[in-house]
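Q: Sharing protein-v2.csv (CSV, C-alpha atoms) below.
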```
chain,number,residue,atom,x,y,z
A,292,MET,CA,-58.5,37.4,-71.6
A,293,SER,CA,-60.1,40.8,-71.9
A,294,LEU,CA,-58.9,43.9,-70.0
A,295,GLY,CA,-62.0,44.1,-67.9
A,296,SER,CA,-61.9,40.5,-66.8
A,297,TRP,CA,-58.8,40.9,-64.6
A,298,LEU,CA,-58.4,44.7,-64.1
A,299,SER,CA,-60.7,45.1,-61.1
A,300,SER,CA,-59.3,42.0,-59.4
A,301,ALA,CA,-55.7,43.3,-59.9
A,302,ASP,CA,-56.8,46.7,-58.5
A,303,ARG,CA,-58.2,45.1,-55.4
A,304,ALA,CA,-55.1,42.9,-54.9
A,305,LEU,CA,-52.6,45.7,-55.2
A,306,ALA,CA,-54.8,48.0,-53.1
A,307,PHE,CA,-54.7,45.4,-50.3
A,308,ALA,CA,-50.9,45.0,-50.6
A,309,ALA,CA,-50.3,48.8,-50.7
A,310,GLU,CA,-52.3,49.1,-47.5
A,311,GLN,CA,-49.8,46.8,-45.8
A,312,VAL,CA,-46.6,48.3,-47.3
A,313,LYS,CA,-46.1,51.6,-45.5
A,314,LEU,CA,-42.4,52.1,-46.3
A,315,ILE,CA,-41.8,55.6,-44.9
A,316,ARG,CA,-43.6,54.8,-41.6
A,317,ALA,CA,-41.6,51.6,-41.2
A,318,VAL,CA,-38.2,53.3,-41.7
A,319,THR,CA,-38.9,56.3,-39.5
A,320,PRO,CA,-37.4,55.8,-36.0
A,321,LEU,CA,-39.7,56.1,-33.0
A,322,ASN,CA,-37.0,58.3,-31.3
A,323,ALA,CA,-36.2,60.3,-34.4
A,324,ASP,CA,-36.5,63.8,-33.0
A,325,GLY,CA,-34.8,63.2,-29.7
A,326,GLU,CA,-32.0,61.2,-31.2
A,327,LEU,CA,-31.4,63.9,-33.9
A,328,ALA,CA,-30.9,66.4,-31.1
A,329,LEU,CA,-28.4,64.2,-29.3
A,330,LEU,CA,-26.5,63.5,-32.6
A,331,GLU,CA,-26.2,67.2,-33.2
A,332,GLN,CA,-24.9,67.8,-29.7
A,333,SER,CA,-22.3,65.0,-30.1
A,334,PHE,CA,-20.9,66.7,-33.2
A,335,ARG,CA,-20.8,70.1,-31.6
A,336,ARG,CA,-18.9,68.6,-28.7
A,337,GLY,CA,-16.4,67.1,-31.1
A,338,SER,CA,-17.2,63.5,-30.1
A,339,PRO,CA,-19.6,62.3,-32.8
A,340,ARG,CA,-21.3,59.0,-32.5
A,341,ALA,CA,-23.6,56.7,-34.5
A,342,PRO,CA,-27.3,57.0,-33.9
A,343,ARG,CA,-29.2,54.6,-31.8
A,344,TRP,CA,-32.4,54.3,-33.7
A,345,GLU,CA,-35.5,52.5,-32.4
A,346,TYR,CA,-38.1,51.1,-34.8
A,347,GLU,CA,-41.5,49.6,-34.7
A,348,PRO,CA,-41.5,45.8,-35.2
A,349,PRO,CA,-42.1,44.9,-38.9
A,350,LEU,CA,-45.8,44.8,-39.6
A,351,VAL,CA,-45.7,43.1,-43.1
A,352,ARG,CA,-46.8,39.5,-43.1
A,353,PRO,CA,-44.1,37.2,-44.6
A,354,GLU,CA,-46.5,35.6,-47.1
A,355,LEU,CA,-47.2,39.0,-48.8
A,356,CYS,CA,-44.1,39.0,-50.9
A,357,ARG,CA,-44.9,35.5,-52.2
A,358,ALA,CA,-48.4,36.5,-53.1
A,359,LEU,CA,-47.2,39.7,-54.9
A,360,GLU,CA,-44.7,37.6,-57.0
A,361,ARG,CA,-47.5,35.2,-58.0
A,362,LEU,CA,-49.7,38.1,-58.9
A,363,ALA,CA,-46.9,39.6,-61.0
A,364,LEU,CA,-46.4,36.3,-62.9
A,365,PHE,CA,-50.1,36.2,-63.6
A,366,LEU,CA,-50.3,39.8,-64.9
A,367,GLU,CA,-47.1,40.1,-66.9
A,368,ASP,CA,-48.6,38.4,-70.0
A,369,ARG,CA,-51.9,40.3,-69.9
A,370,LEU,CA,-51.1,42.9,-72.6
A,371,PRO,CA,-51.0,45.8,-72.8
A,372,LEU,CA,-51.5,46.9,-69.2
A,373,GLY,CA,-50.6,43.7,-67.4
A,374,PRO,CA,-46.8,44.3,-67.4
A,375,VAL,CA,-47.4,47.8,-65.9
A,376,TYR,CA,-49.4,46.2,-63.1
A,377,ALA,CA,-46.8,43.4,-62.7
A,378,ALA,CA,-44.0,45.9,-62.3
A,379,ARG,CA,-45.9,47.7,-59.5
A,380,ALA,CA,-46.6,44.4,-57.8
A,381,ARG,CA,-42.8,43.6,-57.8
A,382,GLU,CA,-42.0,47.1,-56.5
A,383,LEU,CA,-44.4,46.6,-53.6
A,384,CYS,CA,-42.8,43.2,-53.0
A,385,LEU,CA,-39.4,44.8,-52.8
A,386,GLU,CA,-40.6,47.5,-50.5
A,387,ALA,CA,-42.2,44.9,-48.2
A,388,ALA,CA,-38.8,43.2,-48.1
A,389,ILE,CA,-37.2,46.5,-47.1
A,390,ILE,CA,-39.7,46.8,-44.3
A,391,GLU,CA,-38.8,43.3,-43.0
A,392,SER,CA,-35.1,44.2,-43.0
A,393,VAL,CA,-35.4,47.6,-41.2
A,394,GLY,CA,-32.6,48.0,-38.7
A,395,THR,CA,-30.4,45.5,-40.4
A,396,PRO,CA,-27.5,45.9,-42.9
A,397,LYS,CA,-29.7,44.2,-45.6
A,398,VAL,CA,-31.7,47.5,-46.0
A,399,ARG,CA,-28.9,49.1,-47.9
A,400,THR,CA,-28.8,46.3,-50.6
A,401,LEU,CA,-32.5,46.3,-51.0
A,402,ALA,CA,-32.8,50.1,-51.1
A,403,ALA,CA,-30.2,50.2,-53.9
A,404,GLU,CA,-32.3,47.6,-55.8
A,405,ARG,CA,-35.4,49.7,-55.3
A,406,PHE,CA,-34.1,53.2,-56.1
A,407,LEU,CA,-31.2,52.6,-58.5
A,408,GLY,CA,-32.4,51.7,-62.0
A,409,ARG,CA,-30.3,49.2,-63.9
A,410,SER,CA,-30.8,50.3,-67.6
A,411,GLU,CA,-28.3,52.3,-69.6
A,412,GLN,CA,-30.6,55.3,-69.6
A,413,ASP,CA,-30.9,55.0,-65.8
A,414,ARG,CA,-27.1,55.1,-65.4
A,415,GLU,CA,-26.9,58.1,-67.7
A,416,ASP,CA,-29.6,59.9,-65.7
A,417,ARG,CA,-27.7,59.1,-62.5
A,418,ASP,CA,-24.5,60.5,-64.0
A,419,LYS,CA,-26.4,63.7,-64.8
A,420,ALA,CA,-27.8,63.8,-61.3
A,421,ASP,CA,-24.3,63.5,-59.9
A,422,GLU,CA,-23.2,66.4,-62.0
A,423,LEU,CA,-26.1,68.5,-60.8
A,424,ALA,CA,-25.4,67.7,-57.2
A,425,SER,CA,-21.7,68.5,-57.6
A,426,ALA,CA,-22.5,71.9,-59.3
A,427,TRP,CA,-25.2,72.8,-56.8
A,428,THR,CA,-23.0,72.2,-53.8
A,429,ARG,CA,-19.9,73.9,-55.2
A,430,ALA,CA,-20.7,77.1,-53.3
A,431,SER,CA,-22.6,77.0,-50.0
A,432,PRO,CA,-25.3,79.6,-49.3
A,433,SER,CA,-23.9,82.6,-47.7
A,434,GLY,CA,-24.7,83.6,-44.1
A,435,PRO,CA,-23.0,85.2,-41.1
A,436,ASP,CA,-23.5,82.2,-38.8
A,437,GLU,CA,-25.5,79.0,-38.3
A,438,ALA,CA,-28.5,80.8,-37.0
A,439,ASP,CA,-29.0,82.4,-40.4
A,440,ASP,CA,-28.9,79.2,-42.4
A,441,PRO,CA,-32.0,79.4,-44.6
A,442,ASP,CA,-32.3,75.6,-44.9
A,443,ALA,CA,-31.5,74.7,-41.3
A,444,ASP,CA,-35.2,74.1,-40.3
A,445,ARG,CA,-34.1,73.8,-36.7
A,446,LEU,CA,-36.1,71.7,-34.3
A,447,LEU,CA,-38.0,73.1,-31.3
A,448,PHE,CA,-38.0,70.4,-28.6
A,449,ALA,CA,-40.9,70.0,-26.2
A,450,GLY,CA,-40.0,71.3,-22.7
A,451,SER,CA,-37.0,73.2,-24.0
A,452,PRO,CA,-38.3,76.0,-26.3
A,453,LEU,CA,-35.7,77.7,-28.5
A,454,PRO,CA,-35.9,81.2,-29.8
A,455,ALA,CA,-36.6,81.6,-33.5
A,456,PRO,CA,-33.2,80.8,-35.2
A,457,PHE,CA,-33.5,83.5,-37.9
A,458,SER,CA,-35.5,86.7,-38.3
A,459,GLY,CA,-39.0,86.3,-39.6
A,460,SER,CA,-39.2,82.6,-39.1
A,461,VAL,CA,-42.3,80.8,-37.8
A,462,ARG,CA,-42.9,77.5,-36.2
A,463,SER,CA,-44.2,74.9,-38.6
A,464,CYS,CA,-47.1,73.6,-36.4
A,465,ASP,CA,-48.3,76.9,-34.9
A,466,THR,CA,-52.0,76.8,-35.6
A,467,HIS,CA,-52.5,80.3,-34.3
A,468,GLU,CA,-50.1,81.9,-36.8
A,469,PRO,CA,-51.7,82.3,-40.3
A,470,THR,CA,-48.3,82.2,-42.0
A,471,SER,CA,-47.2,78.9,-40.4
A,472,LEU,CA,-46.8,75.8,-42.5
A,473,ILE,CA,-49.8,74.1,-41.0
A,474,SER,CA,-52.0,77.1,-41.5
A,475,ARG,CA,-51.0,77.8,-45.1
A,476,MET,CA,-51.3,74.1,-46.0
A,477,SER,CA,-54.8,73.9,-44.4
A,478,CYS,CA,-55.8,77.1,-46.3
A,479,GLU,CA,-54.6,75.7,-49.7
A,480,ALA,CA,-56.1,72.3,-49.1
A,481,GLY,CA,-59.4,74.0,-48.4
A,482,ARG,CA,-59.1,76.2,-51.5
A,483,HIS,CA,-58.6,73.2,-53.7
A,484,ARG,CA,-61.4,71.3,-52.0
A,485,LEU,CA,-59.1,68.5,-51.2
A,486,PRO,CA,-60.7,65.6,-49.2
A,487,MET,CA,-57.7,65.5,-46.9
A,488,ARG,CA,-57.0,66.4,-43.3
A,489,VAL,CA,-53.9,68.4,-42.5
A,490,VAL,CA,-52.2,67.1,-39.3
A,491,VAL,CA,-49.0,67.5,-37.4
A,492,GLN,CA,-46.7,64.5,-37.5
A,493,PRO,CA,-43.8,64.3,-35.0
A,494,GLY,CA,-40.7,62.7,-36.2
A,495,LEU,CA,-41.3,63.5,-39.9
A,496,ALA,CA,-38.0,63.8,-41.8
A,497,SER,CA,-39.4,66.0,-44.5
A,498,LEU,CA,-41.3,69.3,-43.9
A,499,ALA,CA,-44.5,67.7,-45.2
A,500,ALA,CA,-45.8,64.5,-46.7
A,501,THR,CA,-49.0,63.3,-48.4
A,502,GLY,CA,-50.7,60.1,-47.3
A,503,ASP,CA,-54.1,58.4,-47.7
A,504,GLY,CA,-56.6,61.1,-46.7
A,505,ALA,CA,-54.1,63.3,-45.0
A,506,ILE,CA,-51.3,65.8,-45.5
A,507,PHE,CA,-48.7,65.6,-42.7
A,508,VAL,CA,-46.8,68.6,-41.5
A,509,ALA,CA,-43.6,68.3,-39.5
A,510,ALA,CA,-43.7,69.3,-35.9
A,511,ASP,CA,-41.7,72.1,-34.3
A,512,LYS,CA,-39.5,73.3,-37.2
A,513,TRP,CA,-38.6,76.9,-37.8
A,514,LEU,CA,-39.2,78.1,-41.3
A,515,THR,CA,-38.9,81.3,-43.3
A,516,PRO,CA,-42.1,82.4,-45.1
A,517,ARG,CA,-40.4,81.5,-48.4
A,518,ASP,CA,-39.8,77.9,-47.3
A,519,VAL,CA,-43.4,77.7,-46.1
A,520,GLU,CA,-44.7,78.8,-49.5
A,521,ARG,CA,-42.4,76.5,-51.4
A,522,THR,CA,-43.4,73.5,-49.2
A,523,VAL,CA,-47.1,74.2,-49.7
A,524,LEU,CA,-46.7,74.4,-53.5
A,525,HIS,CA,-44.6,71.3,-53.6
A,526,GLU,CA,-47.0,69.3,-51.5
A,527,ILE,CA,-50.3,70.5,-52.8
A,528,SER,CA,-49.5,70.7,-56.5
A,529,GLY,CA,-46.9,68.0,-56.6
A,530,HIS,CA,-48.5,65.4,-54.4
A,531,ALA,CA,-51.9,66.1,-52.9
A,532,LEU,CA,-53.8,67.2,-56.0
A,533,PRO,CA,-52.6,64.2,-58.1
A,534,ARG,CA,-53.5,61.8,-55.3
A,535,ALA,CA,-57.0,63.3,-55.0
A,536,ARG,CA,-57.6,63.2,-58.7
A,537,ALA,CA,-56.4,59.6,-58.8
A,538,THR,CA,-59.4,58.5,-56.7
A,539,LEU,CA,-61.6,59.5,-59.7
A,540,ALA,CA,-59.7,57.5,-62.3
A,541,PRO,CA,-61.4,54.6,-64.0
A,542,PHE,CA,-58.8,52.1,-62.9
A,543,GLY,CA,-56.5,51.7,-59.9
A,544,LEU,CA,-53.0,52.4,-61.1
A,545,PHE,CA,-53.4,56.1,-60.8
A,546,ALA,CA,-54.1,55.8,-57.0
A,547,LEU,CA,-51.8,52.7,-56.5
A,548,GLY,CA,-49.0,54.2,-58.5
A,549,THR,CA,-46.9,52.6,-61.2
A,550,ALA,CA,-43.4,51.3,-60.6
A,551,ARG,CA,-41.3,54.4,-60.0
A,552,GLY,CA,-44.4,56.6,-60.1
A,553,VAL,CA,-43.7,57.9,-56.6
A,554,ASP,CA,-40.1,58.7,-57.7
A,555,ASP,CA,-41.1,60.6,-60.9
A,556,GLN,CA,-43.7,62.5,-58.9
A,557,GLU,CA,-40.9,64.0,-56.9
A,558,GLY,CA,-39.2,65.0,-60.1
A,559,ARG,CA,-42.3,66.7,-61.3
A,560,ALA,CA,-42.8,68.5,-58.0
A,561,LEU,CA,-39.3,69.9,-58.3
A,562,LEU,CA,-40.1,71.2,-61.8
A,563,ILE,CA,-43.2,72.9,-60.3
A,564,GLU,CA,-40.9,74.5,-57.7
A,565,GLU,CA,-38.6,75.7,-60.5
A,566,ALA,CA,-41.4,77.2,-62.5
A,567,ALA,CA,-42.5,79.2,-59.5
A,568,GLY,CA,-39.0,80.5,-58.8
A,569,PHE,CA,-38.4,78.4,-55.7
A,570,LEU,CA,-35.5,76.3,-57.0
A,571,ASP,CA,-33.0,78.9,-56.0
A,572,SER,CA,-29.4,78.4,-54.8
A,573,SER,CA,-30.4,77.5,-51.2
A,574,ARG,CA,-32.8,74.9,-52.4
A,575,ARG,CA,-30.4,73.5,-54.9
A,576,PHE,CA,-27.7,73.3,-52.3
A,577,GLU,CA,-30.0,71.3,-50.0
A,578,LEU,CA,-31.0,68.9,-52.8
A,579,GLY,CA,-27.4,68.5,-53.9
A,580,LEU,CA,-26.4,67.6,-50.3
A,581,ARG,CA,-29.2,65.1,-50.0
A,582,HIS,CA,-28.2,63.4,-53.2
A,583,ILE,CA,-24.5,63.2,-52.2
A,584,ALA,CA,-25.5,61.9,-48.7
A,585,ALA,CA,-27.8,59.2,-50.2
A,586,SER,CA,-25.2,58.1,-52.7
A,587,ALA,CA,-22.6,57.7,-49.9
A,588,THR,CA,-25.2,55.8,-47.7
A,589,LEU,CA,-25.9,53.3,-50.5
A,590,ASP,CA,-22.1,52.8,-50.8
A,591,GLY,CA,-22.0,51.8,-47.1
A,592,ALA,CA,-21.1,55.1,-45.3
A,593,GLY,CA,-22.4,55.6,-41.8
A,594,VAL,CA,-23.9,58.7,-40.3
A,595,VAL,CA,-20.6,60.1,-39.0
A,596,ASP,CA,-19.0,59.6,-42.4
A,597,VAL,CA,-21.9,61.2,-44.2
A,598,VAL,CA,-21.9,64.2,-41.8
A,599,GLU,CA,-18.2,64.7,-42.4
A,600,LEU,CA,-18.7,64.5,-46.1
A,601,LEU,CA,-21.4,67.1,-46.0
A,602,LEU,CA,-19.4,69.4,-43.8
A,603,GLY,CA,-16.6,69.2,-46.4
A,604,ARG,CA,-19.2,70.4,-49.0
A,605,GLY,CA,-19.9,73.5,-46.9
A,606,ALA,CA,-22.9,72.4,-44.9
A,607,ARG,CA,-23.4,73.6,-41.4
A,608,ILE,CA,-23.5,71.1,-38.6
A,609,ALA,CA,-27.3,71.3,-38.1
A,610,SER,CA,-28.0,70.7,-41.7
A,611,ALA,CA,-25.4,68.0,-42.1
A,612,VAL,CA,-26.7,66.0,-39.2
A,613,ARG,CA,-30.3,66.4,-40.3
A,614,ILE,CA,-29.6,65.3,-43.9
A,615,ALA,CA,-27.5,62.4,-42.8
A,616,ALA,CA,-30.2,61.2,-40.4
A,617,ARG,CA,-32.8,61.5,-43.1
A,618,VAL,CA,-31.0,59.4,-45.7
A,619,GLN,CA,-30.0,56.8,-43.2
A,620,ARG,CA,-33.6,56.1,-42.0
A,621,GLY,CA,-34.2,52.4,-41.7
A,622,GLY,CA,-30.5,51.5,-41.2
A,623,HIS,CA,-28.8,49.9,-38.3
A,624,GLY,CA,-27.2,53.1,-37.1
A,625,ALA,CA,-23.9,51.8,-36.0
A,626,GLY,CA,-23.3,49.8,-39.2
A,627,GLY,CA,-24.2,52.5,-41.8
A,628,GLY,CA,-26.6,52.3,-44.7
A,629,GLY,CA,-30.3,53.2,-44.9
A,630,LEU,CA,-33.2,53.8,-47.2
A,631,ALA,CA,-31.5,56.7,-49.0
A,632,ARG,CA,-34.7,57.4,-50.9
A,633,GLU,CA,-33.3,60.9,-51.7
A,634,ILE,CA,-31.1,59.3,-54.4
A,635,ALA,CA,-34.2,59.2,-56.6
A,636,TYR,CA,-35.0,62.9,-56.6
A,637,LEU,CA,-32.4,64.3,-59.0
A,638,PRO,CA,-32.5,61.4,-61.5
A,639,ALA,CA,-36.3,61.8,-61.5
A,640,LEU,CA,-35.9,65.5,-62.2
A,641,VAL,CA,-33.6,64.7,-65.1
A,642,ARG,CA,-36.1,62.1,-66.4
A,643,VAL,CA,-39.2,64.2,-66.0
A,644,ARG,CA,-37.6,67.3,-67.5
A,645,ARG,CA,-36.6,65.3,-70.6
A,646,ALA,CA,-40.2,63.9,-70.9
A,647,MET,CA,-41.7,67.4,-70.5
A,648,GLN,CA,-39.5,68.6,-73.4
A,649,GLY,CA,-40.4,65.6,-75.7
A,650,ARG,CA,-43.1,64.9,-78.2
A,651,PHE,CA,-45.5,63.4,-75.5
A,652,ALA,CA,-45.0,66.3,-73.0
A,653,ALA,CA,-48.7,67.2,-72.9
A,654,VAL,CA,-49.7,63.6,-72.4
A,655,VAL,CA,-47.1,63.0,-69.7
A,656,GLU,CA,-48.3,66.1,-67.8
A,657,ARG,CA,-51.9,65.1,-67.9
A,658,MET,CA,-51.1,61.6,-66.7
A,659,MET,CA,-48.8,62.7,-63.9
A,660,SER,CA,-51.1,65.4,-62.7
A,661,GLY,CA,-53.8,62.7,-62.3
A,662,GLY,CA,-51.8,60.2,-60.2
A,663,ARG,CA,-48.5,58.6,-59.3
A,664,ILE,CA,-47.5,57.7,-62.8
A,665,ALA,CA,-44.0,57.2,-64.1
A,666,VAL,CA,-43.0,59.0,-67.3
A,667,ASP,CA,-42.2,55.9,-69.2
A,668,VAL,CA,-45.7,54.4,-69.0
A,669,ALA,CA,-47.7,57.7,-69.2
A,670,PRO,CA,-48.4,57.5,-73.0
A,671,LEU,CA,-49.6,53.9,-72.7
A,672,LEU,CA,-51.9,54.7,-69.8
A,673,ALA,CA,-53.2,57.7,-71.6
A,674,THR,CA,-54.6,55.5,-74.4
A,675,TYR,CA,-57.0,53.9,-71.8
A,676,ARG,CA,-57.4,56.7,-69.3
A,677,GLU,CA,-58.6,59.4,-71.6
A,678,SER,CA,-61.4,57.2,-73.1
A,679,MET,CA,-62.7,56.6,-69.6
A,680,VAL,CA,-62.6,60.1,-67.9
A,681,ASP,CA,-64.9,60.6,-65.0
A,682,PRO,CA,-66.6,64.0,-65.3
A,683,GLN,CA,-66.5,64.5,-61.6
A,684,GLU,CA,-62.7,65.1,-62.0
A,685,ALA,CA,-63.5,68.7,-63.0
A,686,THR,CA,-64.5,69.4,-59.4
A,687,LEU,CA,-60.9,69.4,-58.3
A,688,GLU,CA,-59.7,72.9,-59.0
A,689,GLU,CA,-56.3,73.7,-60.5
```
Re-express the file's structure as structure tokens.
A:
Amino acid sequence: MSLGSWLSSADRALAFAAEQVKLIRAVTPLNADGELALLEQSFRRGSPRAPRWEYEPPLVRPELCRALERLALFLEDRLPLGPVYAARARELCLEAAIIESVGTPKVRTLAAERFLGRSEQDREDRDKADELASAWTRASPSGPDEADDPDADRLLFAGSPLPAPFSGSVRSCDTHEPTSLISRMSCEAGRHRLPMRVVVQPGLASLAATGDGAIFVAADKWLTPRDVERTVLHEISGHALPRARATLAPFGLFALGTARGVDDQEGRALLIEEAAGFLDSSRRFELGLRHIAASATLDGAGVVDVVELLLGRGARIASAVRIAARVQRGGHGAGGGGLAREIAYLPALVRVRRAMQGRFAAVVERMMSGGRIAVDVAPLLATYRESMVDPQEATLEE
């Protein structure tokens, strides 16, 4: 069977599935902001408690996983690209299963299957990531008190406005302030002519996120100008530009993503931060804490245990609670466990850095800058992608 005879059908089938499988939305609690505030208060009072998350009902139809597995079986023998499509179909099937299990102990097992690779190289990369996390959290960022914590990104709750927690900080969603996150993100999206809206998203665990046709900015978080610029660079160069370019690709994997393409894109985004001088001690400390928290979560630790672990690493209460809540999204709350997607960031950094120093570095960069492509399949996809380049792609400015 020729490549063209099944490719467009596979693209359509995976696009339909990807539209149903909205993993981050599914694991984000409806009461995320308010519950986070209550959790922090409980720790400050000395009577910590487990979170009481509330989730939307699962929106994935049960038959979707069966359809994706059948699709994968059909595709896996269609060389050379069929196995790449099949791997993505199975990854979407696994993410759909996670969505169906949100709020139950099963999430932890499925999340480990999704984010922890099983090859010998994966284990070596994870060991290196563990070493990075340990080194990066050996000394906490200095500061006279909690209000000066550069990574605290404290919440400003509606009806109870708080003063700026550190000098020079600006509220993330202040559309009247040109240096705010939403203003700077909108400016850069416009400069790059990105066909995306920039919108405020309450309950967002990260400072920003890129979705279909939109860049989401967290509501009511206080940020330093440096954190604003780092976040804009990470989101525009690391995520939004590749997503926009992917719409011009001659086949769908660049927009749909390959298996682990989303993970490796985070590794590339961190390399972009590093090249711009943003991967400083404060940022490394934050990333190290997230990795440690995610690892503990996948081992079965609950929010209280994770917060105590992070406090022992030098985190301040606000940061420890925020990170613990982030890695435990999708979990039961009282029983521990969660999505722990943050376990993928540092191994991806290790993996992408190695690829960018290898013989196919230029090829890997071209492929990753054009979509959510994992480093291990970038050379193969380049063979087909670069013979089918759409000249319109040049309209997306670097």
Q: In Å, how far is it from atom CA of A:His525 to atom CA of A:Val553?
A: 13.8 Å
Q: For the atom pair atom CA of A:Arg534 and atom CA of A:Ala546, what is the interatomic distance in Å to one decimal place?
A: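 These two atoms are separated by 6.3 Å.
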Q: Tell me, as a count of residues only, which residues lie within 12 Å of stretch 404-409 of chain A, counting all atoms listed in the file; anything in the same chain fewer than 3 positions away does not count.
A: 46
Q: My list of candidates is A:Leu372, A:Val594, A:Leu672, A:Ala665. Which is closest to A:Arg343 when distances are computed with all atoms listed in the file?
A: A:Val594
Q: Just checking: using only C-alpha atoms, which residue out of A:Ala669, A:Leu524, A:Val393, A:Val508 ends up closest to A:Glu479?
A: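 Among the listed residues, A:Leu524 lies closest to A:Glu479.
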Q: Hey, which of A:Thr395, A:Thr501, A:Thr466, A:Gln492 ends up closest to A:Ala480? Count all atoms listed in the file.
A: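 Among the listed residues, A:Thr501 lies closest to A:Ala480.
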Q: Mind checking which residues fall within 8 Å of A:Gly627, counting all atoms listed in the file, ignoring those fewer than 2 positions away in the same chain, and posting them as a list in words?
A: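 The filter keeps Pro396, Thr588, Gly591, Ala592, Gly593, Val594, Gln619, Gly622, His623, Gly624, Ala625 and Gly629 of chain A.
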Q: Show me, as a PyMOL selection string, the residues that have an atom within 9 Å of A:Leu359 when counting only C-alpha atoms, minus same-chain residues fewer than 5 positions from it.
A: chain A and resi 304-305+308+354+364+377+380-381+383-384
Q: Which one of A:Leu601, A:Met658, A:Ala560, A:Ala301 sits closest to A:Gly373 if you count only C-alpha atoms?
A: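 Of A:Leu601, A:Met658, A:Ala560, A:Ala301, the one nearest A:Gly373, counting only C-alpha atoms, is A:Ala301.
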Q: Work out how far atom CA of A:Val618 is from atom CA of A:Gly337, in Å to one decimal.
A: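 Rounded to one decimal, the two atoms are 22.0 Å apart.
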Q: With distances taken over only C-alpha atoms, which residue among A:Thr428, A:Asp465, A:Val351, A:Arg335 lies nearest A:Gln311?
A: A:Val351
Q: Counting only C-alpha atoms, which residue out of A:Arg613, A:Arg604, A:Arg657, A:Lys313 sits closest to A:Ala430?
A: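 Among the listed residues, the smallest separation from A:Ala430 belongs to A:Arg604.
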Q: Please provide as an MDAnalysis selection string all residues within 10 Å of A:Ala306, with the sequence filter that same-chain residues fewer than 3 positions apart are discarded (counting all atoms listed in the file).
A: chainID A and resid 300:303 309:311 543:544 546:547
Q: Near A:Val523, within 12 Å and counting only C-alpha atoms, which residues show up once chain neighbours fewer than 5 positions away are dropped, as a PyMOL selection string?
A: chain A and resi 463+470-480+489+498-501+506-508+516-518+528-532+560+563-564+567+569
